[in-house]
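model.txt (compact mmCIF, C-alpha atoms)
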```txt
# COMPACT_ATOMS: atom_id res chain seq x y z
CA MET S 1 -7.06 -0.10 41.98
CA ALA S 2 -4.51 -2.13 40.11
CA GLU S 3 -3.76 -5.29 42.00
CA ASP S 4 -0.25 -6.64 41.95
CA THR S 5 -0.33 -9.68 39.76
CA GLY S 6 3.41 -10.15 39.95
CA LYS S 7 3.42 -10.12 36.20
CA HIS S 8 4.76 -7.83 33.58
CA LEU S 9 3.31 -6.00 30.66
CA GLU S 10 3.65 -7.13 27.08
CA VAL S 11 4.32 -3.93 25.25
CA ALA S 12 4.20 -3.35 21.52
CA LEU S 13 5.08 -0.04 19.97
CA VAL S 14 3.62 -0.18 16.49
CA ALA S 15 4.08 2.23 13.61
CA ALA S 16 1.96 2.08 10.46
CA GLU S 17 4.57 0.22 8.46
CA ARG S 18 6.45 -1.79 11.06
CA VAL S 19 6.63 -2.88 14.68
CA VAL S 20 9.10 -0.48 16.27
CA TRP S 21 9.66 -2.24 19.55
CA GLU S 22 8.20 -5.21 21.29
CA GLY S 23 9.07 -6.54 24.70
CA GLN S 24 8.21 -6.89 28.34
CA ALA S 25 7.98 -3.97 30.70
CA THR S 26 7.18 -3.23 34.31
CA ILE S 27 5.64 0.17 33.74
CA VAL S 28 4.50 2.32 30.86
CA VAL S 29 3.88 6.02 31.25
CA ALA S 30 1.99 7.85 28.56
CA ARG S 31 0.41 11.25 28.36
CA THR S 32 -3.17 11.15 27.19
CA THR S 33 -5.43 14.08 26.61
CA ASP S 34 -6.48 13.88 30.28
CA GLY S 35 -2.96 13.84 31.67
CA ASP S 36 -0.24 11.32 32.38
CA VAL S 37 -1.25 7.75 32.98
CA GLY S 38 1.08 5.18 34.45
CA ILE S 39 0.23 1.65 33.50
CA LEU S 40 1.26 -1.21 35.75
CA PRO S 41 0.49 -4.89 35.33
CA GLY S 42 -3.15 -5.55 36.12
CA HIS S 43 -4.35 -2.21 34.78
CA ALA S 44 -7.98 -2.04 33.73
CA PRO S 45 -8.63 -2.09 29.97
CA LEU S 46 -8.07 1.35 28.58
CA LEU S 47 -8.23 3.10 25.25
CA GLY S 48 -6.78 6.57 25.19
CA LEU S 49 -5.60 9.17 22.76
CA LEU S 50 -2.02 10.28 23.24
CA GLN S 51 -1.11 13.88 23.49
CA GLY S 52 2.33 15.37 23.67
CA GLY S 53 3.59 12.37 21.87
CA THR S 54 6.11 10.73 24.16
CA VAL S 55 5.77 7.39 25.88
CA GLN S 56 8.12 6.07 28.54
CA VAL S 57 8.67 2.41 29.11
CA ARG S 58 10.69 0.68 31.82
CA THR S 59 11.55 -2.79 30.63
CA VAL S 60 11.84 -5.85 32.86
CA ASP S 61 15.64 -5.55 32.60
CA GLY S 62 15.45 -2.10 34.15
CA GLU S 63 16.18 -0.40 30.86
CA PHE S 64 14.47 2.90 30.27
CA LEU S 65 13.03 3.59 26.85
CA VAL S 66 11.49 6.73 25.47
CA ALA S 67 9.57 6.77 22.27
CA ALA S 68 8.10 9.52 20.18
CA ALA S 69 4.58 8.60 19.20
CA PRO S 70 2.95 11.75 17.90
CA ASP S 71 -0.78 11.63 17.30
CA GLY S 72 -1.14 8.06 18.42
CA PHE S 73 -3.23 6.10 20.83
CA ILE S 74 -2.75 3.53 23.52
CA SER S 75 -4.75 0.43 24.21
CA VAL S 76 -4.42 -1.69 27.32
CA ALA S 77 -6.10 -5.03 27.90
CA ASN S 78 -5.09 -8.14 29.83
CA ASP S 79 -1.58 -6.83 30.51
CA ARG S 80 -1.02 -6.17 26.86
CA VAL S 81 -0.16 -2.60 26.02
CA SER S 82 -0.25 -1.49 22.41
CA ILE S 83 0.95 1.94 21.49
CA LEU S 84 0.00 2.84 17.97
CA ALA S 85 1.25 5.84 16.08
CA GLU S 86 1.77 6.31 12.39
CA ASN S 87 5.32 7.54 12.86
CA ALA S 88 6.41 5.97 16.11
CA GLU S 89 10.15 6.05 16.80
CA LEU S 90 12.39 5.11 19.65
CA GLY S 91 14.22 8.00 21.29
CA HIS S 92 17.71 6.65 20.68
CA ASP S 93 16.95 6.10 16.99
CA ILE S 94 16.33 9.81 16.56
CA ASP S 95 19.16 12.15 15.62
CA LEU S 96 18.84 14.94 18.19
CA GLU S 97 20.53 17.60 16.05
CA GLU S 98 18.31 16.81 13.11
CA ALA S 99 15.20 16.72 15.27
CA ARG S 100 16.09 20.16 16.69
CA ARG S 101 16.58 21.54 13.19
CA GLU S 102 13.21 20.17 12.14
CA LEU S 103 11.58 21.71 15.16
CA GLU S 104 13.06 25.10 14.28
CA GLN S 105 11.79 24.78 10.76
CA ALA S 106 8.36 23.79 11.98
CA LEU S 107 8.30 26.73 14.39
CA ALA S 108 9.41 29.09 11.65
CA ALA S 109 6.53 27.89 9.49
CA GLY S 110 4.21 29.09 12.23
CA THR S 111 1.37 27.44 14.04
CA ALA S 112 -1.45 29.21 12.31
CA SER S 113 -3.13 26.23 10.71
CA GLU S 114 -4.08 22.96 12.30
CA ALA S 115 -1.61 21.02 10.16
CA ASP S 116 1.28 23.32 11.05
CA ALA S 117 0.48 23.05 14.73
CA ASP S 118 0.44 19.28 14.43
CA GLU S 119 3.83 19.39 12.78
CA VAL S 120 5.27 21.48 15.60
CA ARG S 121 3.85 19.09 18.19
CA ALA S 122 5.32 16.09 16.37
CA ALA S 123 8.72 17.76 16.09
CA GLU S 124 8.65 18.68 19.80
CA ALA S 125 7.84 15.10 20.71
CA ARG S 126 10.79 13.84 18.70
CA VAL S 127 13.18 16.32 20.31
CA ARG S 128 11.89 15.46 23.76
CA ALA S 129 12.21 11.74 23.14
CA ALA S 130 15.73 12.14 21.77
CA GLU S 131 16.78 14.35 24.69
CA THR S 132 15.46 11.99 27.32
CA ALA S 133 17.04 9.01 25.63
CA SER S 134 20.52 10.49 25.36
CA MET B 71 11.27 -13.81 -51.81
CA PRO B 72 12.25 -15.23 -48.44
CA ALA B 73 14.04 -12.96 -45.99
CA THR B 74 17.76 -12.66 -46.53
CA GLN B 75 20.31 -14.02 -44.11
CA ARG B 76 21.19 -10.56 -42.88
CA GLU B 77 17.58 -9.65 -42.17
CA LEU B 78 17.02 -12.84 -40.21
CA LYS B 79 20.19 -12.29 -38.23
CA ASP B 80 19.18 -8.73 -37.33
CA ARG B 81 15.73 -9.81 -36.32
CA ARG B 82 17.12 -12.54 -34.12
CA ALA B 83 19.50 -10.10 -32.47
CA SER B 84 16.72 -7.67 -31.68
CA VAL B 85 14.48 -10.38 -30.27
CA SER B 86 17.25 -11.55 -27.98
CA THR B 87 17.72 -7.99 -26.72
CA ILE B 88 14.01 -7.85 -25.95
CA LYS B 89 14.29 -11.17 -24.21
CA LYS B 90 17.08 -9.87 -22.00
CA LEU B 91 14.93 -6.88 -21.17
CA THR B 92 11.80 -8.80 -20.27
CA ARG B 93 13.86 -11.30 -18.33
CA ALA B 94 15.39 -8.48 -16.28
CA MET B 95 11.94 -6.99 -15.63
CA GLU B 96 10.67 -10.38 -14.57
CA LEU B 97 13.48 -10.76 -12.07
CA ILE B 98 12.99 -7.24 -10.72
CA ALA B 99 9.28 -7.83 -10.26
CA ALA B 100 10.00 -11.15 -8.55
CA SER B 101 12.38 -9.56 -6.07
CA ARG B 102 10.06 -6.61 -5.41
CA ILE B 103 7.10 -8.84 -4.76
CA VAL B 104 8.89 -10.37 -1.80
CA LYS B 105 9.42 -6.88 -0.47
CA ALA B 106 5.78 -5.99 -1.11
CA GLN B 107 4.63 -9.04 0.79
CA GLN B 108 6.93 -8.14 3.68
CA ARG B 109 5.48 -4.65 3.74
CA ALA B 110 1.96 -6.03 3.76
CA LYS B 111 2.95 -8.26 6.66
CA ALA B 112 4.67 -5.42 8.51
CA ALA B 113 1.54 -3.29 8.19
CA GLY B 114 -0.51 -6.13 9.68
CA PRO B 115 -0.04 -5.41 13.41
CA TYR B 116 -1.05 -1.77 13.08
CA ALA B 117 -4.17 -2.63 11.11
CA ARG B 118 -5.07 -5.44 13.50
CA GLU B 119 -4.72 -3.35 16.65
CA LEU B 120 -6.62 -0.51 15.06
CA THR B 121 -9.47 -2.76 13.96
CA ARG B 122 -9.62 -4.20 17.46
CA ALA B 123 -9.74 -0.79 19.04
CA VAL B 124 -12.41 0.46 16.65
CA SER B 125 -14.53 -2.63 17.25
CA ALA B 126 -14.12 -2.11 20.98
CA VAL B 127 -15.36 1.46 20.82
CA ALA B 128 -18.14 0.59 18.41
CA THR B 129 -19.29 -2.30 20.59
CA PHE B 130 -19.21 -0.60 23.96
CA SER B 131 -20.52 2.78 23.19
CA ASN B 132 -23.58 3.86 21.41
CA VAL B 133 -22.09 6.74 19.57
CA ASP B 134 -23.18 8.03 16.24
CA HIS B 135 -20.23 9.29 14.33
CA PRO B 136 -20.59 11.16 11.03
CA LEU B 137 -18.25 8.63 9.41
CA THR B 138 -20.44 5.67 10.36
CA THR B 139 -23.82 7.20 9.64
CA GLU B 140 -25.57 6.25 6.43
CA LYS B 141 -27.00 9.22 4.63
CA PRO B 142 -30.70 8.70 4.00
CA ASN B 143 -30.72 9.44 0.30
CA PRO B 144 -27.29 8.98 -1.30
CA LYS B 145 -26.92 11.09 -4.45
CA ARG B 146 -23.20 11.31 -5.07
CA ALA B 147 -20.76 8.45 -4.80
CA ALA B 148 -16.98 8.72 -4.86
CA VAL B 149 -15.00 5.90 -6.43
CA LEU B 150 -11.31 5.52 -5.69
CA LEU B 151 -9.70 3.50 -8.47
CA ILE B 152 -6.29 2.06 -7.65
CA THR B 153 -4.26 1.29 -10.78
CA SER B 154 -0.57 1.01 -11.55
CA ASP B 155 1.86 3.70 -12.63
CA ARG B 156 3.53 1.64 -15.30
CA GLY B 157 2.40 -0.84 -17.90
CA GLN B 158 4.04 -4.13 -18.81
CA ALA B 159 1.86 -5.88 -16.28
CA GLY B 160 -0.46 -7.82 -18.56
CA ALA B 161 -4.13 -7.18 -18.00
CA TYR B 162 -3.61 -5.77 -14.51
CA SER B 163 -4.69 -2.19 -15.08
CA SER B 164 -7.34 -2.93 -17.68
CA SER B 165 -9.08 -5.49 -15.51
CA VAL B 166 -9.23 -3.20 -12.49
CA ILE B 167 -10.48 -0.37 -14.72
CA ARG B 168 -13.12 -2.71 -16.14
CA GLU B 169 -14.23 -3.55 -12.60
CA GLY B 170 -14.41 0.18 -11.91
CA GLU B 171 -16.60 0.74 -14.96
CA ARG B 172 -18.90 -2.03 -13.84
CA LEU B 173 -19.28 -0.38 -10.43
CA ASN B 174 -19.86 3.00 -12.08
CA GLN B 175 -22.65 1.48 -14.15
CA LEU B 176 -24.18 -0.05 -11.06
CA LEU B 177 -24.06 3.28 -9.22
CA ARG B 178 -25.47 5.14 -12.19
CA ASP B 179 -28.34 2.67 -12.34
CA GLY B 180 -29.00 3.60 -8.71
CA ASP B 181 -29.26 7.25 -9.81
CA LYS B 182 -26.03 8.28 -8.18
CA GLU B 183 -23.58 10.74 -9.56
CA ILE B 184 -20.01 9.48 -9.74
CA VAL B 185 -17.08 11.42 -8.37
CA PRO B 186 -13.87 9.72 -9.47
CA PHE B 187 -10.65 9.71 -7.44
CA LEU B 188 -7.67 8.01 -9.04
CA SER B 189 -4.42 6.53 -7.92
CA GLY B 190 -1.84 5.46 -10.51
CA ARG B 191 -0.86 6.91 -13.87
CA LYS B 192 -2.63 4.21 -15.90
CA GLY B 193 -6.01 5.16 -14.50
CA ILE B 194 -5.27 8.84 -14.98
CA ALA B 195 -4.32 8.22 -18.61
CA TYR B 196 -7.53 6.26 -19.15
CA PHE B 197 -9.64 9.11 -17.80
CA THR B 198 -7.74 11.88 -19.54
CA PHE B 199 -7.97 10.10 -22.89
CA ARG B 200 -11.74 9.92 -22.50
CA GLN B 201 -11.80 13.51 -21.29
CA ARG B 202 -13.64 12.63 -18.13
CA GLU B 203 -13.47 14.83 -15.13
CA VAL B 204 -11.45 13.62 -12.20
CA GLU B 205 -11.95 15.00 -8.72
CA GLN B 206 -8.42 14.31 -7.52
CA SER B 207 -5.59 11.98 -8.44
CA TRP B 208 -2.33 10.67 -7.06
CA SER B 209 0.52 8.88 -8.78
CA GLY B 210 4.14 7.99 -8.38
CA ASP B 211 4.39 5.11 -5.97
CA SER B 212 1.97 2.43 -7.03
CA ASP B 213 4.43 -0.43 -6.52
CA GLY B 214 5.49 0.63 -3.03
CA PRO B 215 2.83 2.79 -1.44
CA SER B 216 3.84 4.61 1.73
CA PHE B 217 1.53 5.16 4.64
CA ALA B 218 1.90 8.89 4.18
CA ARG B 219 0.33 8.57 0.74
CA ALA B 220 -2.55 6.51 2.11
CA ARG B 221 -3.03 9.19 4.75
CA GLU B 222 -3.13 11.90 2.12
CA ILE B 223 -5.80 10.03 0.17
CA ALA B 224 -7.74 9.32 3.35
CA ASP B 225 -7.73 12.99 4.31
CA ALA B 226 -9.03 14.00 0.90
CA LEU B 227 -11.75 11.35 0.92
CA ILE B 228 -12.87 12.10 4.46
CA GLU B 229 -13.03 15.79 3.66
CA ALA B 230 -15.21 15.05 0.62
CA PHE B 231 -17.40 12.77 2.70
CA LEU B 232 -17.96 15.27 5.48
CA LYS B 233 -18.88 18.10 3.12
CA PRO B 234 -22.62 18.49 2.56
CA THR B 235 -23.76 16.99 -0.74
CA GLU B 236 -24.97 20.32 -2.09
CA GLU B 237 -21.49 21.80 -1.73
CA GLY B 238 -19.81 19.08 -3.70
CA GLY B 239 -19.50 16.49 -0.99
CA VAL B 240 -20.15 12.81 -1.48
CA ASP B 241 -22.49 10.43 0.30
CA GLU B 242 -20.54 7.23 -0.03
CA ILE B 243 -17.06 6.14 -0.99
CA HIS B 244 -16.03 2.95 -2.75
CA ILE B 245 -12.56 1.60 -3.46
CA VAL B 246 -11.80 -0.47 -6.54
CA PHE B 247 -8.51 -2.34 -6.20
CA THR B 248 -6.93 -5.66 -7.00
CA ARG B 249 -6.87 -8.20 -4.23
CA PHE B 250 -3.76 -10.34 -4.00
CA VAL B 251 -5.07 -13.87 -3.61
CA SER B 252 -1.90 -15.73 -4.50
CA MET B 253 1.06 -15.40 -6.85
CA LEU B 254 -1.15 -16.83 -9.59
CA THR B 255 -4.47 -15.20 -8.82
CA GLN B 256 -5.23 -11.52 -8.38
CA LYS B 257 -8.82 -10.45 -8.36
CA PRO B 258 -10.25 -6.99 -8.93
CA ASP B 259 -12.44 -6.18 -5.97
CA VAL B 260 -14.69 -3.44 -4.62
CA ILE B 261 -15.16 -2.44 -1.03
CA ARG B 262 -17.27 0.32 0.43
CA LEU B 263 -15.06 2.50 2.55
CA LEU B 264 -17.51 5.05 3.90
CA PRO B 265 -19.87 5.11 5.63
CA LEU B 266 -18.03 2.55 7.69
CA GLU B 267 -19.87 -0.57 8.45
CA VAL B 268 -19.73 -1.45 12.12
CA VAL B 269 -16.69 -3.63 12.38
CA GLU B 270 -16.74 -6.74 14.44
CA GLY B 271 -13.29 -7.89 13.51
CA GLU B 272 -12.33 -10.16 10.63
CA GLU B 273 -13.96 -13.18 12.22
CA ALA B 274 -16.47 -13.54 15.03
CA PRO B 275 -14.62 -13.45 18.35
CA ALA B 276 -14.43 -16.73 20.21
CA ALA B 277 -16.21 -17.03 23.55
CA GLU B 278 -13.05 -16.54 25.64
CA ASP B 279 -11.90 -13.75 23.38
CA VAL B 280 -14.66 -11.35 24.37
CA LEU B 281 -13.52 -7.78 24.13
CA PRO B 282 -12.76 -6.34 27.55
CA LEU B 283 -14.76 -3.50 29.00
CA TYR B 284 -12.58 -0.55 28.09
CA GLU B 285 -12.22 2.72 29.86
CA PHE B 286 -11.96 5.56 27.44
CA GLU B 287 -9.76 8.51 27.82
CA PRO B 288 -10.96 11.23 27.45
CA SER B 289 -14.33 9.84 26.28
CA ALA B 290 -15.69 7.26 23.88
CA GLU B 291 -16.73 9.98 21.41
CA ASP B 292 -13.33 11.63 21.38
CA VAL B 293 -11.52 8.32 21.06
CA LEU B 294 -13.75 7.39 18.14
CA ASP B 295 -13.10 10.80 16.61
CA GLY B 296 -9.39 10.15 16.78
CA LEU B 297 -9.51 6.53 15.71
CA LEU B 298 -11.81 6.52 12.72
CA PRO B 299 -9.69 8.68 10.40
CA LYS B 300 -6.71 6.47 11.26
CA TYR B 301 -8.80 3.42 10.57
CA VAL B 302 -9.84 4.78 7.19
CA ALA B 303 -6.21 5.52 6.31
CA SER B 304 -5.22 2.06 7.38
CA ARG B 305 -7.91 0.47 5.19
CA ILE B 306 -6.74 2.51 2.22
CA HIS B 307 -3.14 1.55 2.93
CA PHE B 308 -4.21 -2.08 3.04
CA CYS B 309 -5.88 -1.78 -0.37
CA MET B 310 -2.86 -0.04 -1.83
CA LEU B 311 -0.51 -2.70 -0.52
CA GLN B 312 -2.70 -5.42 -1.97
CA ALA B 313 -2.79 -3.57 -5.27
CA ALA B 314 0.99 -3.17 -5.25
CA ALA B 315 1.57 -6.87 -4.63
CA SER B 316 -0.94 -7.72 -7.37
CA GLU B 317 0.70 -5.33 -9.79
CA LEU B 318 4.10 -6.90 -9.24
CA ALA B 319 2.73 -10.42 -9.51
CA SER B 320 0.95 -9.54 -12.78
CA ARG B 321 4.09 -7.92 -14.09
CA GLN B 322 6.19 -10.91 -13.22
CA ARG B 323 3.76 -13.24 -14.96
CA ALA B 324 3.43 -11.02 -18.03
CA MET B 325 7.19 -10.66 -18.31
CA LYS B 326 7.72 -14.37 -17.87
CA SER B 327 5.43 -15.18 -20.77
CA ALA B 328 7.07 -12.42 -22.83
CA THR B 329 10.46 -14.01 -22.14
CA ASP B 330 9.14 -17.43 -23.10
CA ASN B 331 7.67 -16.05 -26.31
CA ALA B 332 10.94 -14.34 -27.16
CA GLN B 333 12.76 -17.63 -26.64
CA ASP B 334 10.36 -19.42 -29.01
CA LEU B 335 10.81 -16.66 -31.57
CA ILE B 336 14.60 -16.87 -31.32
CA GLU B 337 14.48 -20.62 -31.92
CA ARG B 338 12.22 -20.21 -34.93
CA LEU B 339 14.35 -17.46 -36.41
CA THR B 340 17.52 -19.49 -35.87
CA ARG B 341 15.99 -22.42 -37.71
CA GLU B 342 14.82 -20.23 -40.55
CA TYR B 343 18.23 -18.57 -40.72
CA ASN B 344 19.99 -21.94 -40.93
CA GLN B 345 17.65 -23.05 -43.70
CA VAL B 346 18.25 -19.91 -45.72
CA ARG B 347 21.98 -20.19 -45.20
CA GLN B 348 21.97 -23.88 -46.19
CA SER B 349 19.99 -23.24 -49.33
CA ALA B 350 22.30 -20.37 -50.26
CA ILE B 351 25.31 -22.68 -49.90
CA THR B 352 23.64 -25.41 -51.92
CA GLN B 353 22.81 -22.95 -54.62
CA GLU B 354 26.35 -21.63 -54.68
CA ILE B 355 27.80 -25.13 -54.97
CA SER B 356 25.44 -26.08 -57.74
CA GLU B 357 26.31 -22.85 -59.54
CA ILE B 358 30.06 -23.59 -59.25
CA VAL B 359 29.58 -27.18 -60.34
CA GLY B 360 27.37 -26.03 -63.20
CA GLY B 361 29.91 -23.41 -64.22
CA ALA B 362 32.79 -25.85 -64.06
CA ASN B 363 30.89 -28.37 -66.15
CA ALA B 364 30.03 -25.76 -68.72
CA LEU B 365 33.69 -24.70 -68.86
CA ALA B 366 34.82 -28.33 -69.21
CA ASP B 367 32.29 -28.88 -71.99
CA ALA B 368 33.41 -25.76 -73.82
CA ASN B 369 37.08 -26.73 -73.49
CA ALA B 370 36.31 -30.26 -74.68
CA GLY B 371 34.54 -28.83 -77.75
CA SER B 372 37.42 -26.54 -78.74
CA GLU B 373 40.06 -29.25 -78.71
```
Mind turning this structure into structure tokens?
Amino acid sequence: MAEDTGKHLEVALVAAERVVWEGQATIVVARTTDGDVGILPGHAPLLGLLQGGTVQVRTVDGEFLVAAAPDGFISVANDRVSILAENAELGHDIDLEEARRELEQALAAGTASEADADEVRAAEARVRAAETAS
Amino acid sequence: MPATQRELKDRRASVSTIKKLTRAMELIAASRIVKAQQRAKAAGPYARELTRAVSAVATFSNVDHPLTTEKPNPKRAAVLLITSDRGQAGAYSSSVIREGERLNQLLRDGDKEIVPFLSGRKGIAYFTFRQREVEQSWSGDSDGPSFARAREIADALIEAFLKPTEEGGVDEIHIVFTRFVSMLTQKPDVIRLLPLEVVEGEEAPAAEDVLPLYEFEPSAEDVLDGLLPKYVASRIHFCMLQAAASELASRQRAMKSATDNAQDLIERLTREYNQVRQSAITQEISEIVGGANALADANAGSE
């Protein structure tokens, strides 16, 4: 049971080559392999693999952020949330049209192999993040 | 016969063109190195968080993962040699290749077969010239390696590592790269990539900084499965970024001394040119004076 500490979460969305977003949030919702988890301040330490690739963050200013984080993972400890994904992106940085085109291409390439399926999942996550953000 | 004025002039002109060139390369390397350092810094948070997460899993669960298990009797060792794509960087590539050869010797002494993986055209050229077999090689972005490239290399290395030895797999993987110590010092270095040694972070955690008791989702094994390949890619990326910064620093230094040498050469040639010109003038004057005297003498005799 997460107790209300009256605090906020320090969230960092980190890609391999840069920090995409960093700030304070009241809640983070991420989909792990076991389903959606909502993280509030005071959450127990957690390490989880992300699936589906989108993460939602509500900042302390009430702003709502969506990020595409395909094939990443989340780590929570002491009210610090780190979301790591090689190609993390914020939803409103993604060009929706372009993301849709890429998804179509990925789907056309098929989902036969593991790599192709990964590509489709990543493209879907980007489209979803862009749609929710706009 | 000393060089003629024209020859000296031409030589001076060509040296000053070279100087302009090396100077430009020096400046380019200097500006890129700032960028390379920024990249290395920007990649820091990802690597740090990943290391922390891997240490957390390794500390709190007693899982044996294929990537962390030492094989009992290592027979084949892969060596990833990170060199540059272009020359003009002083002894950069040759010193990292020399370090690689030293490691190869060491491994051979331990009765291990070497499976080379290369990154950078210089290393590829070195191996091709000696007609040695190369397992796999990458080139094209040695001075600004992307994470995607590191990932590609990591995938290839992990695949080789997980294959049984009899089918052409390898038992351990080493990386030879150049560590960026400072702008003045870059040191060739070797690390063993796989099997991974259990990581406890860069430094021993302080008492109050004890890693929290994590919950794993879905399970410690699955999390480790997902994390380790990322961790390997991140280590490779780190090495490549270090190598890139070292390459640029070496190039800047090499080009700076080339520029200085060109400057010295220009000064020497200018001096030599002035001497030759002066002696030509002196000779001309003495010839005119001599001629005039002879003429005067002849005229005096005829009157």
| task | Please provide the set of residues having any atom within 10 Å of Asn78 of chain S, restricted to only C-alpha atoms, with same-chain residues fewer than 2 positions apart removed, written as a list in words. | result |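 Contacts, in chain order: Leu9, Glu10, Pro41, Gly42, His43, Ala44, Pro45, Val76, Arg80 and Val81 of chain S; Pro282 of chain B.
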| query | atom CA of Val28 of chain S and atom CA of Glu131 of chain S, how far apart in Å? | reply |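 So the two atoms, atom CA of Glu131 of chain S and atom CA of Val28 of chain S, lie 18.3 Å apart.
Across the structure, atom CA of Phe199 of chain B and atom CA of Glu183 of chain B are spaced 20.5 Å apart.
Proximity of B:Trp208, B:Phe247, B:Tyr196, B:Tyr284 to chain S, computed with all atoms listed in the file, is greatest for B:Tyr284.
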| remark: Expressed in Å, the length from atom CA of Val60 of chain S to atom CA of Thr26 of chain S is 5.5 Å
| message | I want to know what sits within 12 Å of Arg82 of chain B, based on all atoms listed in the file, with residues of the same chain fewer than 2 positions away left out; could you give that as a PyMOL selection string? | response | chain B and resi 75-80+84-89+332-344
| request: Could you please tell me, as a list in words, which residues of chain S have an atom within 8 Å of chain B when using all atoms listed in the file? | output: Val14, Ala15, Ala16, Glu17, Arg18, Val19, Thr32, Thr33, Asp34, Ala44, Pro45, Leu46, Leu47, Gly48, Leu49, Ser75, Ala77, Ser82, Leu84 and Glu86 of chain S
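Proximity to Asp155 of chain B was assessed for B:Val204, B:Leu365, B:Ala314, B:Val240 counting only C-alpha atoms; the smallest distance is recorded for B:Ala314.
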| field | Non-local contacts of Leu103 of chain S (6 Å; only C-alpha atoms; under 3 positions in same chain excluded) as an MDAnalysis selection string | value | chainID S and resid 100 106 123
| request: Tell me which protein, DNA and RNA residues are within 8 Å of Ala324 of chain B, counting all atoms listed in the file, leaving out same-chain ones fewer than 2 positions away, and put them as a list in words. | output: Gln158, Ala159, Gly160, Ser320, Arg321, Gln322, Lys326, Ser327 and Ala328 of chain B
| message | Which residues are near Arg146 of chain B? Cut-off 8 Å, all atoms listed in the file, ignore same chain within fewer than 2 positions. Put them as a PyMOL selection string. | response | chain B and resi 144+148+182-185+235+239-242
